[in-house]
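Engineer: To be precise about what I am sending: the file is called data24.cif and holds mmCIF, N, CA, C and O atoms.
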data_query
loop_
_atom_site.label_atom_id
_atom_site.label_comp_id
_atom_site.auth_asym_id
_atom_site.auth_seq_id
_atom_site.Cartn_x
_atom_site.Cartn_y
_atom_site.Cartn_z
N MET M 124 -30.72 77.70 -43.33
CA MET M 124 -31.09 76.67 -42.38
C MET M 124 -30.24 75.44 -42.65
O MET M 124 -30.13 74.99 -43.78
N ALA M 125 -29.65 74.90 -41.64
CA ALA M 125 -28.78 73.73 -41.79
C ALA M 125 -29.62 72.47 -41.97
O ALA M 125 -30.69 72.33 -41.41
N THR M 126 -29.11 71.56 -42.76
CA THR M 126 -29.79 70.30 -43.00
C THR M 126 -29.25 69.26 -42.04
O THR M 126 -28.04 69.12 -41.88
N ILE M 127 -30.15 68.53 -41.42
CA ILE M 127 -29.76 67.48 -40.50
C ILE M 127 -30.03 66.15 -41.19
O ILE M 127 -31.15 65.89 -41.63
N THR M 128 -29.01 65.34 -41.31
CA THR M 128 -29.22 64.03 -41.90
C THR M 128 -29.41 63.02 -40.80
O THR M 128 -28.70 63.03 -39.80
N HIS M 129 -30.40 62.19 -40.99
CA HIS M 129 -30.74 61.18 -39.98
C HIS M 129 -30.16 59.85 -40.43
O HIS M 129 -30.60 59.28 -41.41
N THR M 130 -29.16 59.38 -39.72
CA THR M 130 -28.54 58.10 -40.06
C THR M 130 -28.84 57.13 -38.94
O THR M 130 -28.04 56.93 -38.03
N HIS M 131 -30.02 56.54 -39.00
CA HIS M 131 -30.43 55.60 -37.97
C HIS M 131 -29.90 54.22 -38.32
O HIS M 131 -30.14 53.70 -39.40
N ASP M 132 -29.19 53.65 -37.42
CA ASP M 132 -28.69 52.30 -37.57
C ASP M 132 -29.35 51.45 -36.50
O ASP M 132 -29.35 51.82 -35.33
N ILE M 133 -29.91 50.32 -36.90
CA ILE M 133 -30.62 49.47 -35.94
C ILE M 133 -29.71 49.07 -34.79
O ILE M 133 -30.14 48.87 -33.68
N HIS M 134 -28.41 48.98 -35.02
CA HIS M 134 -27.48 48.55 -33.99
C HIS M 134 -27.04 49.68 -33.07
O HIS M 134 -26.36 49.44 -32.09
N SER M 135 -27.46 50.92 -33.35
CA SER M 135 -27.04 52.03 -32.49
C SER M 135 -27.71 52.00 -31.13
O SER M 135 -27.22 52.58 -30.19
N HIS M 136 -28.84 51.32 -31.02
CA HIS M 136 -29.56 51.24 -29.74
C HIS M 136 -29.33 49.90 -29.06
O HIS M 136 -29.97 49.61 -28.06
N ASP M 137 -28.45 49.08 -29.59
CA ASP M 137 -28.25 47.74 -29.05
C ASP M 137 -27.40 47.71 -27.79
O ASP M 137 -27.26 46.66 -27.19
N HIS M 138 -26.83 48.83 -27.37
CA HIS M 138 -25.96 48.83 -26.20
C HIS M 138 -26.68 48.32 -24.97
O HIS M 138 -26.13 47.60 -24.17
N HIS M 139 -27.96 48.69 -24.79
CA HIS M 139 -28.69 48.21 -23.63
C HIS M 139 -29.10 46.75 -23.79
O HIS M 139 -29.25 46.04 -22.82
N LEU M 140 -29.24 46.28 -25.03
CA LEU M 140 -29.55 44.87 -25.26
C LEU M 140 -28.35 44.00 -24.93
O LEU M 140 -28.49 42.94 -24.33
N VAL M 141 -27.17 44.45 -25.32
CA VAL M 141 -25.95 43.69 -25.03
C VAL M 141 -25.73 43.62 -23.53
O VAL M 141 -25.36 42.59 -22.99
N LYS M 142 -25.98 44.72 -22.83
CA LYS M 142 -25.82 44.76 -21.38
C LYS M 142 -26.73 43.72 -20.72
O LYS M 142 -26.32 43.02 -19.81
N ARG M 143 -27.97 43.62 -21.19
CA ARG M 143 -28.90 42.65 -20.62
C ARG M 143 -28.48 41.22 -20.96
O ARG M 143 -28.71 40.32 -20.19
N GLU M 144 -27.91 41.02 -22.16
CA GLU M 144 -27.45 39.69 -22.53
C GLU M 144 -26.39 39.19 -21.56
O GLU M 144 -26.38 38.04 -21.18
N LYS M 145 -25.50 40.07 -21.16
CA LYS M 145 -24.41 39.69 -20.27
C LYS M 145 -24.92 39.39 -18.86
O LYS M 145 -24.26 38.69 -18.10
N GLN M 146 -26.08 39.92 -18.50
CA GLN M 146 -26.62 39.70 -17.16
C GLN M 146 -27.23 38.31 -17.01
O GLN M 146 -27.46 37.86 -15.92
N GLY M 147 -27.54 37.64 -18.09
CA GLY M 147 -28.14 36.32 -18.03
C GLY M 147 -29.23 36.17 -19.07
O GLY M 147 -29.39 37.00 -19.97
N PHE M 148 -29.98 35.11 -18.96
CA PHE M 148 -31.04 34.81 -19.91
C PHE M 148 -32.16 35.85 -19.82
O PHE M 148 -32.63 36.17 -18.74
N ASP M 149 -32.58 36.34 -20.97
CA ASP M 149 -33.65 37.33 -21.03
C ASP M 149 -34.74 36.78 -21.94
O ASP M 149 -34.57 36.74 -23.16
N ILE M 150 -35.84 36.36 -21.36
CA ILE M 150 -36.92 35.76 -22.14
C ILE M 150 -37.57 36.77 -23.09
O ILE M 150 -38.14 36.40 -24.11
N LEU M 151 -37.46 38.05 -22.79
CA LEU M 151 -38.05 39.10 -23.62
C LEU M 151 -37.11 39.61 -24.71
O LEU M 151 -37.47 40.53 -25.44
N PHE M 152 -35.92 39.03 -24.81
CA PHE M 152 -34.94 39.53 -25.77
C PHE M 152 -35.48 39.57 -27.20
O PHE M 152 -35.29 40.57 -27.90
N PRO M 153 -36.15 38.52 -27.70
CA PRO M 153 -36.68 38.60 -29.08
C PRO M 153 -37.66 39.76 -29.27
O PRO M 153 -37.66 40.43 -30.30
N LEU M 154 -38.50 40.00 -28.27
CA LEU M 154 -39.46 41.11 -28.36
C LEU M 154 -38.75 42.45 -28.30
O LEU M 154 -39.09 43.38 -29.04
N ARG M 155 -37.72 42.55 -27.45
CA ARG M 155 -36.93 43.79 -27.39
C ARG M 155 -36.26 44.07 -28.73
O ARG M 155 -36.26 45.19 -29.21
N ARG M 156 -35.69 43.03 -29.33
CA ARG M 156 -35.00 43.16 -30.62
C ARG M 156 -36.00 43.58 -31.70
O ARG M 156 -35.69 44.40 -32.55
N TRP M 157 -37.22 43.02 -31.65
CA TRP M 157 -38.23 43.35 -32.65
C TRP M 157 -38.65 44.82 -32.54
O TRP M 157 -38.74 45.52 -33.55
N VAL M 158 -38.93 45.28 -31.30
CA VAL M 158 -39.33 46.68 -31.12
C VAL M 158 -38.20 47.61 -31.53
O VAL M 158 -38.43 48.63 -32.17
N ASP M 159 -36.96 47.26 -31.20
CA ASP M 159 -35.82 48.07 -31.61
C ASP M 159 -35.64 48.09 -33.13
O ASP M 159 -35.08 49.03 -33.68
N GLY M 160 -36.10 47.05 -33.79
CA GLY M 160 -35.94 46.95 -35.24
C GLY M 160 -37.03 47.63 -36.04
O GLY M 160 -36.94 47.70 -37.27
N VAL M 161 -38.07 48.14 -35.39
CA VAL M 161 -39.16 48.81 -36.11
C VAL M 161 -38.62 50.09 -36.75
O VAL M 161 -38.09 50.96 -36.06
N GLN M 162 -38.76 50.16 -38.07
CA GLN M 162 -38.33 51.34 -38.81
C GLN M 162 -39.55 52.22 -39.06
O GLN M 162 -40.61 51.71 -39.44
N VAL M 163 -39.41 53.49 -38.87
CA VAL M 163 -40.52 54.43 -39.09
C VAL M 163 -40.32 55.09 -40.44
O VAL M 163 -39.38 55.86 -40.63
N HIS M 164 -41.20 54.73 -41.39
CA HIS M 164 -41.11 55.28 -42.75
C HIS M 164 -42.46 55.78 -43.24
O HIS M 164 -42.67 55.93 -44.43
N ASN M 165 -43.41 55.99 -42.33
CA ASN M 165 -44.75 56.40 -42.71
C ASN M 165 -45.22 57.47 -41.74
O ASN M 165 -45.16 57.29 -40.52
N ARG M 166 -45.72 58.56 -42.27
CA ARG M 166 -46.16 59.69 -41.45
C ARG M 166 -47.30 59.32 -40.51
O ARG M 166 -47.29 59.67 -39.34
N GLN M 167 -48.29 58.58 -41.00
CA GLN M 167 -49.44 58.21 -40.17
C GLN M 167 -49.02 57.28 -39.03
O GLN M 167 -49.49 57.42 -37.90
N ILE M 168 -48.13 56.34 -39.33
CA ILE M 168 -47.65 55.43 -38.28
C ILE M 168 -46.84 56.20 -37.25
O ILE M 168 -46.97 55.95 -36.05
N ALA M 169 -46.03 57.14 -37.69
CA ALA M 169 -45.25 57.95 -36.76
C ALA M 169 -46.16 58.75 -35.84
O ALA M 169 -45.92 58.82 -34.62
N HIS M 170 -47.21 59.33 -36.39
CA HIS M 170 -48.17 60.07 -35.56
C HIS M 170 -48.87 59.13 -34.58
O HIS M 170 -49.06 59.47 -33.41
N PHE M 171 -49.24 57.94 -35.05
CA PHE M 171 -49.91 56.97 -34.19
C PHE M 171 -49.01 56.58 -33.02
O PHE M 171 -49.45 56.54 -31.88
N ILE M 172 -47.74 56.29 -33.30
CA ILE M 172 -46.79 55.91 -32.24
C ILE M 172 -46.65 57.04 -31.23
O ILE M 172 -46.65 56.80 -30.02
N CYS M 173 -46.53 58.28 -31.70
CA CYS M 173 -46.38 59.42 -30.79
C CYS M 173 -47.63 59.65 -29.94
O CYS M 173 -47.54 60.15 -28.82
N GLN M 174 -48.79 59.29 -30.45
CA GLN M 174 -50.03 59.44 -29.69
C GLN M 174 -50.21 58.32 -28.68
O GLN M 174 -50.72 58.54 -27.58
N VAL M 175 -49.78 57.11 -29.04
CA VAL M 175 -50.00 55.95 -28.17
C VAL M 175 -48.98 55.87 -27.04
O VAL M 175 -49.33 55.54 -25.91
N ILE M 176 -47.73 56.18 -27.34
CA ILE M 176 -46.67 56.13 -26.32
C ILE M 176 -46.55 57.52 -25.70
O ILE M 176 -46.14 58.46 -26.37
N PRO M 177 -46.90 57.67 -24.43
CA PRO M 177 -46.89 59.00 -23.81
C PRO M 177 -45.46 59.51 -23.57
O PRO M 177 -44.52 58.73 -23.44
N CYS M 178 -45.34 60.83 -23.51
CA CYS M 178 -44.02 61.43 -23.27
C CYS M 178 -43.62 61.37 -21.81
O CYS M 178 -42.45 61.47 -21.47
N CYS M 179 -44.59 61.23 -20.93
CA CYS M 179 -44.29 61.07 -19.51
C CYS M 179 -45.27 60.06 -18.92
O CYS M 179 -46.31 59.78 -19.51
N CYS M 180 -44.93 59.52 -17.81
CA CYS M 180 -45.72 58.45 -17.22
C CYS M 180 -47.10 58.97 -16.77
O CYS M 180 -47.18 59.89 -15.95
N PRO M 181 -48.18 58.39 -17.30
CA PRO M 181 -49.51 58.87 -16.91
C PRO M 181 -49.93 58.42 -15.52
O PRO M 181 -50.94 58.88 -15.00
N PHE M 182 -49.17 57.53 -14.90
CA PHE M 182 -49.54 57.02 -13.59
C PHE M 182 -48.98 57.87 -12.44
O PHE M 182 -49.44 57.74 -11.32
N GLU M 183 -47.97 58.68 -12.72
CA GLU M 183 -47.38 59.52 -11.68
C GLU M 183 -48.35 60.64 -11.32
O GLU M 183 -48.81 61.38 -12.19
N ARG M 184 -48.63 60.76 -10.05
CA ARG M 184 -49.54 61.82 -9.61
C ARG M 184 -49.50 61.98 -8.09
O ARG M 184 -48.95 61.14 -7.39
N ASP M 185 -50.08 63.05 -7.64
CA ASP M 185 -50.24 63.30 -6.21
C ASP M 185 -51.70 63.09 -5.85
O ASP M 185 -52.60 63.56 -6.54
N ILE M 186 -51.93 62.39 -4.75
CA ILE M 186 -53.28 62.11 -4.28
C ILE M 186 -53.43 62.69 -2.88
O ILE M 186 -52.57 62.48 -2.03
N LYS M 187 -54.52 63.42 -2.67
CA LYS M 187 -54.80 63.98 -1.35
C LYS M 187 -55.86 63.13 -0.67
O LYS M 187 -56.96 62.95 -1.19
N LEU M 188 -55.50 62.60 0.49
CA LEU M 188 -56.43 61.83 1.30
C LEU M 188 -56.37 62.34 2.73
O LEU M 188 -55.31 62.39 3.33
N TRP M 189 -57.52 62.71 3.25
CA TRP M 189 -57.63 63.17 4.64
C TRP M 189 -56.61 64.26 4.98
O TRP M 189 -55.98 64.25 6.02
N GLY M 190 -56.43 65.19 4.06
CA GLY M 190 -55.56 66.33 4.31
C GLY M 190 -54.08 66.08 4.06
O GLY M 190 -53.28 67.00 4.20
N LYS M 191 -53.69 64.86 3.74
CA LYS M 191 -52.28 64.55 3.45
C LYS M 191 -52.13 64.30 1.96
O LYS M 191 -53.04 63.79 1.30
N THR M 192 -50.98 64.65 1.45
CA THR M 192 -50.68 64.44 0.04
C THR M 192 -49.73 63.26 -0.09
O THR M 192 -48.67 63.23 0.54
N TYR M 193 -50.12 62.31 -0.91
CA TYR M 193 -49.30 61.13 -1.19
C TYR M 193 -48.87 61.16 -2.65
O TYR M 193 -49.68 61.44 -3.53
N HIS M 194 -47.60 60.87 -2.87
CA HIS M 194 -47.06 60.89 -4.24
C HIS M 194 -46.94 59.47 -4.76
O HIS M 194 -46.33 58.61 -4.13
N ILE M 195 -47.54 59.22 -5.93
CA ILE M 195 -47.38 57.94 -6.61
C ILE M 195 -46.26 58.12 -7.63
O ILE M 195 -46.38 58.95 -8.53
N PRO M 196 -45.18 57.38 -7.49
CA PRO M 196 -44.05 57.55 -8.41
C PRO M 196 -44.39 57.02 -9.80
O PRO M 196 -45.36 56.28 -9.98
N PRO M 197 -43.58 57.39 -10.80
CA PRO M 197 -43.83 56.88 -12.15
C PRO M 197 -43.65 55.37 -12.19
O PRO M 197 -42.62 54.84 -11.77
N LEU M 198 -44.67 54.68 -12.66
CA LEU M 198 -44.64 53.22 -12.69
C LEU M 198 -44.24 52.68 -14.06
O LEU M 198 -44.10 51.47 -14.22
N CYS M 199 -44.06 53.53 -15.04
CA CYS M 199 -43.74 53.08 -16.39
C CYS M 199 -42.42 52.33 -16.45
O CYS M 199 -42.25 51.44 -17.27
N LYS M 200 -41.49 52.68 -15.59
CA LYS M 200 -40.19 52.02 -15.62
C LYS M 200 -40.28 50.57 -15.15
O LYS M 200 -39.34 49.81 -15.30
N LEU M 201 -41.42 50.17 -14.61
CA LEU M 201 -41.63 48.77 -14.26
C LEU M 201 -41.90 47.93 -15.51
O LEU M 201 -41.79 46.72 -15.47
N ASN M 202 -42.28 48.59 -16.58
CA ASN M 202 -42.50 47.91 -17.86
C ASN M 202 -41.16 47.39 -18.37
O ASN M 202 -40.23 48.17 -18.55
N PRO M 203 -41.03 46.09 -18.62
CA PRO M 203 -39.73 45.56 -19.06
C PRO M 203 -39.33 46.03 -20.45
O PRO M 203 -38.15 45.92 -20.82
N LEU M 204 -40.24 46.61 -21.22
CA LEU M 204 -39.91 47.12 -22.55
C LEU M 204 -39.93 48.65 -22.59
O LEU M 204 -40.01 49.24 -23.66
N TYR M 205 -39.82 49.27 -21.43
CA TYR M 205 -39.89 50.73 -21.33
C TYR M 205 -38.86 51.42 -22.24
O TYR M 205 -39.20 52.31 -23.02
N ASP M 206 -37.60 51.02 -22.15
CA ASP M 206 -36.54 51.67 -22.94
C ASP M 206 -36.79 51.53 -24.43
O ASP M 206 -36.60 52.48 -25.20
N GLU M 207 -37.24 50.36 -24.86
CA GLU M 207 -37.49 50.14 -26.28
C GLU M 207 -38.62 51.01 -26.80
O GLU M 207 -38.54 51.56 -27.90
N PHE M 208 -39.68 51.16 -25.99
CA PHE M 208 -40.79 52.02 -26.40
C PHE M 208 -40.38 53.49 -26.44
O PHE M 208 -40.80 54.24 -27.32
N VAL M 209 -39.56 53.92 -25.50
CA VAL M 209 -39.09 55.30 -25.50
C VAL M 209 -38.24 55.57 -26.74
O VAL M 209 -38.39 56.60 -27.40
N PHE M 210 -37.37 54.62 -27.11
CA PHE M 210 -36.56 54.78 -28.32
C PHE M 210 -37.43 54.78 -29.57
O PHE M 210 -37.16 55.53 -30.51
N LEU M 211 -38.47 53.95 -29.61
CA LEU M 211 -39.38 53.93 -30.75
C LEU M 211 -40.10 55.26 -30.89
O LEU M 211 -40.24 55.80 -31.99
N ARG M 212 -40.53 55.83 -29.78
CA ARG M 212 -41.18 57.14 -29.82
C ARG M 212 -40.21 58.22 -30.29
O ARG M 212 -40.57 59.09 -31.09
N LEU M 213 -38.97 58.14 -29.82
CA LEU M 213 -37.96 59.10 -30.26
C LEU M 213 -37.69 58.98 -31.76
O LEU M 213 -37.56 59.99 -32.45
N ARG M 214 -37.62 57.76 -32.27
CA ARG M 214 -37.42 57.57 -33.71
C ARG M 214 -38.60 58.15 -34.50
O ARG M 214 -38.41 58.75 -35.57
N SER M 215 -39.80 57.99 -33.98
CA SER M 215 -40.98 58.54 -34.65
C SER M 215 -40.95 60.06 -34.64
O SER M 215 -41.25 60.70 -35.66
N LEU M 216 -40.60 60.64 -33.50
CA LEU M 216 -40.48 62.11 -33.43
C LEU M 216 -39.41 62.62 -34.38
O LEU M 216 -39.60 63.64 -35.06
N SER M 217 -38.29 61.93 -34.44
CA SER M 217 -37.20 62.33 -35.34
C SER M 217 -37.64 62.24 -36.79
O SER M 217 -37.31 63.11 -37.60
N TYR M 218 -38.38 61.20 -37.14
CA TYR M 218 -38.87 61.06 -38.51
C TYR M 218 -39.80 62.22 -38.86
O TYR M 218 -39.67 62.82 -39.93
N LEU M 219 -40.72 62.54 -37.97
CA LEU M 219 -41.66 63.63 -38.24
C LEU M 219 -40.94 64.97 -38.37
O LEU M 219 -41.27 65.77 -39.25
N ALA M 220 -39.96 65.20 -37.51
CA ALA M 220 -39.27 66.49 -37.52
C ALA M 220 -38.25 66.60 -38.66
O ALA M 220 -38.19 67.62 -39.34
N ASP M 221 -37.47 65.54 -38.87
CA ASP M 221 -36.37 65.61 -39.84
C ASP M 221 -36.80 65.32 -41.27
O ASP M 221 -36.39 66.01 -42.19
N VAL M 222 -37.61 64.30 -41.45
CA VAL M 222 -37.99 63.88 -42.80
C VAL M 222 -39.25 64.59 -43.28
O VAL M 222 -39.30 65.12 -44.38
N CYS M 223 -40.27 64.61 -42.43
CA CYS M 223 -41.54 65.22 -42.82
C CYS M 223 -41.58 66.72 -42.57
O CYS M 223 -42.52 67.40 -42.99
N LEU M 224 -40.60 67.24 -41.84
CA LEU M 224 -40.50 68.66 -41.51
C LEU M 224 -41.77 69.18 -40.82
O LEU M 224 -42.24 70.27 -41.10
N GLU M 225 -42.32 68.39 -39.91
CA GLU M 225 -43.52 68.77 -39.17
C GLU M 225 -43.15 69.33 -37.81
O GLU M 225 -42.10 69.03 -37.26
N ASP M 226 -44.07 70.11 -37.28
CA ASP M 226 -43.92 70.65 -35.94
C ASP M 226 -44.33 69.57 -34.94
O ASP M 226 -45.48 69.11 -34.96
N ILE M 227 -43.42 69.16 -34.07
CA ILE M 227 -43.70 68.07 -33.12
C ILE M 227 -43.93 68.57 -31.70
O ILE M 227 -44.00 67.77 -30.77
N THR M 228 -44.10 69.86 -31.53
CA THR M 228 -44.25 70.42 -30.18
C THR M 228 -45.50 69.90 -29.48
O THR M 228 -45.52 69.85 -28.25
N LYS M 229 -46.50 69.47 -30.22
CA LYS M 229 -47.71 68.95 -29.57
C LYS M 229 -47.46 67.60 -28.91
O LYS M 229 -48.25 67.17 -28.07
N TYR M 230 -46.36 66.94 -29.26
CA TYR M 230 -46.03 65.65 -28.67
C TYR M 230 -44.98 65.75 -27.55
O TYR M 230 -44.59 64.76 -26.98
N ILE M 231 -44.54 66.96 -27.25
CA ILE M 231 -43.53 67.16 -26.23
C ILE M 231 -44.20 67.65 -24.96
O ILE M 231 -45.01 68.56 -24.96
N CYS M 232 -43.85 67.04 -23.82
CA CYS M 232 -44.44 67.45 -22.53
C CYS M 232 -43.79 68.72 -22.03
O CYS M 232 -42.65 68.97 -22.18
#
Spit out the file's structure as structure tokens when you get a sec.

Structural biologist:
Amino acid sequence: MATITHTHDIHSHDHHLVKREKQGFDILFPLRRWVDGVQVHNRQIAHFICQVIPCCCPFERDIKLWGKTYHIPPLCKLNPLYDEFVFLRLRSLSYLADVCLEDITKYIC
């Protein structure tokens, strides 16, 4: 079995932060930087993050009214910190799979 080394660098996810910086003032930049800087080094915290941050948008669904079906699109992308939370969840999944050698299939949609 091949060994996978995880070399997470806090600056590897900064490409989207730099792009937003160039677009103008971003009042949420400090919060984005903080979420991007969260390091996952604890199994319980990694499990908590994977449980709290869903793998797919829970708001997307089809609703039937009076015989017609209406589709509600995923609204999670309206969250201004959506990308940062997705990266945090990915880092948690990577920690569980690579470092803790746990089965993460229960967290995959």

Engineer: Need the axis-aligned box for segment 158-169 of chain M with 5 Å each side, so what are the centre and edges in Å to one decimal, as JSON?

Structural biologist:
{"center_x": -42.3, "center_y": 52.5, "center_z": -37.8, "size_x": 24.4, "size_y": 24.4, "size_z": 23.3}

Engineer: Check the DSSP output for the backbone and give back, as number ranges by chain, the residues of segment 129-222 of chain M in strand (DSSP E).

Structural biologist: M: 184-188, 191-195

Engineer: Would you work out the distance separating atom CA of Leu154 of chain M from atom CA of Asp221 of chain M, expressed in Å to one decimal?

Structural biologist: 27.2 Å

Engineer: To test your reading of the syntax: which residues would the PyMOL selection byres ((chain M and resi 211) around 8) return for the file shown? Reply as a VMD selection string.

Structural biologist: chain M and resid 158 to 159 161 to 163 168 to 169 172 to 173 204 to 210 212 to 218

Engineer: Return the single residue from M:Leu151, M:Leu224, M:Ile231, M:Gln167 that is closest to Cys179 of chain M, with distances computed using only N, CA, C and O atoms.

Structural biologist: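 So, comparing all the options, the nearest one is M:Ile231.
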
Engineer: Using the chain letters and numbering of this document, enumerate as an NGL selection string the residues selected by the PyMOL selection byres ((chain M and resi 180) around 8).

Structural biologist: :M and (177-179 or 181-184 or 195-200)

Engineer: Using only N, CA, C and O atoms, please write the residues we just selected to a file, as a PDB file, in the frame of the given file.

Structural biologist:
ATOM      1  N   PRO M 177     -46.900  57.670 -24.430  1.00  0.00           N
ATOM      2  CA  PRO M 177     -46.890  59.000 -23.810  1.00  0.00           C
ATOM      3  C   PRO M 177     -45.460  59.510 -23.570  1.00  0.00           C
ATOM      4  O   PRO M 177     -44.520  58.730 -23.440  1.00  0.00           O
ATOM      5  N   CYS M 178     -45.340  60.830 -23.510  1.00  0.00           N
ATOM      6  CA  CYS M 178     -44.020  61.430 -23.270  1.00  0.00           C
ATOM      7  C   CYS M 178     -43.620  61.370 -21.810  1.00  0.00           C
ATOM      8  O   CYS M 178     -42.450  61.470 -21.470  1.00  0.00           O
ATOM      9  N   CYS M 179     -44.590  61.230 -20.930  1.00  0.00           N
ATOM     10  CA  CYS M 179     -44.290  61.070 -19.510  1.00  0.00           C
ATOM     11  C   CYS M 179     -45.270  60.060 -18.920  1.00  0.00           C
ATOM     12  O   CYS M 179     -46.310  59.780 -19.510  1.00  0.00           O
ATOM     13  N   PRO M 181     -48.180  58.390 -17.300  1.00  0.00           N
ATOM     14  CA  PRO M 181     -49.510  58.870 -16.910  1.00  0.00           C
ATOM     15  C   PRO M 181     -49.930  58.420 -15.520  1.00  0.00           C
ATOM     16  O   PRO M 181     -50.940  58.880 -15.000  1.00  0.00           O
ATOM     17  N   PHE M 182     -49.170  57.530 -14.900  1.00  0.00           N
ATOM     18  CA  PHE M 182     -49.540  57.020 -13.590  1.00  0.00           C
ATOM     19  C   PHE M 182     -48.980  57.870 -12.440  1.00  0.00           C
ATOM     20  O   PHE M 182     -49.440  57.740 -11.320  1.00  0.00           O
ATOM     21  N   GLU M 183     -47.970  58.680 -12.720  1.00  0.00           N
ATOM     22  CA  GLU M 183     -47.380  59.520 -11.680  1.00  0.00           C
ATOM     23  C   GLU M 183     -48.350  60.640 -11.320  1.00  0.00           C
ATOM     24  O   GLU M 183     -48.810  61.380 -12.190  1.00  0.00           O
ATOM     25  N   ARG M 184     -48.630  60.760 -10.050  1.00  0.00           N
ATOM     26  CA  ARG M 184     -49.540  61.820  -9.610  1.00  0.00           C
ATOM     27  C   ARG M 184     -49.500  61.980  -8.090  1.00  0.00           C
ATOM     28  O   ARG M 184     -48.950  61.140  -7.390  1.00  0.00           O
ATOM     29  N   ILE M 195     -47.540  59.220  -5.930  1.00  0.00           N
ATOM     30  CA  ILE M 195     -47.380  57.940  -6.610  1.00  0.00           C
ATOM     31  C   ILE M 195     -46.260  58.120  -7.630  1.00  0.00           C
ATOM     32  O   ILE M 195     -46.380  58.950  -8.530  1.00  0.00           O
ATOM     33  N   PRO M 196     -45.180  57.380  -7.490  1.00  0.00           N
ATOM     34  CA  PRO M 196     -44.050  57.550  -8.410  1.00  0.00           C
ATOM     35  C   PRO M 196     -44.390  57.020  -9.800  1.00  0.00           C
ATOM     36  O   PRO M 196     -45.360  56.280  -9.980  1.00  0.00           O
ATOM     37  N   PRO M 197     -43.580  57.390 -10.800  1.00  0.00           N
ATOM     38  CA  PRO M 197     -43.830  56.880 -12.150  1.00  0.00           C
ATOM     39  C   PRO M 197     -43.650  55.370 -12.190  1.00  0.00           C
ATOM     40  O   PRO M 197     -42.620  54.840 -11.770  1.00  0.00           O
ATOM     41  N   LEU M 198     -44.670  54.680 -12.660  1.00  0.00           N
ATOM     42  CA  LEU M 198     -44.640  53.220 -12.690  1.00  0.00           C
ATOM     43  C   LEU M 198     -44.240  52.680 -14.060  1.00  0.00           C
ATOM     44  O   LEU M 198     -44.100  51.470 -14.220  1.00  0.00           O
ATOM     45  N   CYS M 199     -44.060  53.530 -15.040  1.00  0.00           N
ATOM     46  CA  CYS M 199     -43.740  53.080 -16.390  1.00  0.00           C
ATOM     47  C   CYS M 199     -42.420  52.330 -16.450  1.00  0.00           C
ATOM     48  O   CYS M 199     -42.250  51.440 -17.270  1.00  0.00           O
ATOM     49  N   LYS M 200     -41.490  52.680 -15.590  1.00  0.00           N
ATOM     50  CA  LYS M 200     -40.190  52.020 -15.620  1.00  0.00           C
ATOM     51  C   LYS M 200     -40.280  50.570 -15.150  1.00  0.00           C
ATOM     52  O   LYS M 200     -39.340  49.810 -15.300  1.00  0.00           O
TER      53      LYS M 200
END

Engineer: State, in Å with one decimal place, the distance from atom N of Val175 of chain M to atom C of Lys229 of chain M.

Structural biologist: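 Computed distance, atom N of Val175 of chain M to atom C of Lys229 of chain M, equals 10.7 Å.
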
Engineer: Could you state the separation of atom CA of Tyr230 of chain M and atom CA of Gly160 of chain M in Å, given to one decimal place?

Structural biologist: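 Answer for the atom CA of Tyr230 of chain M to atom CA of Gly160 of chain M separation: 22.2 Å.
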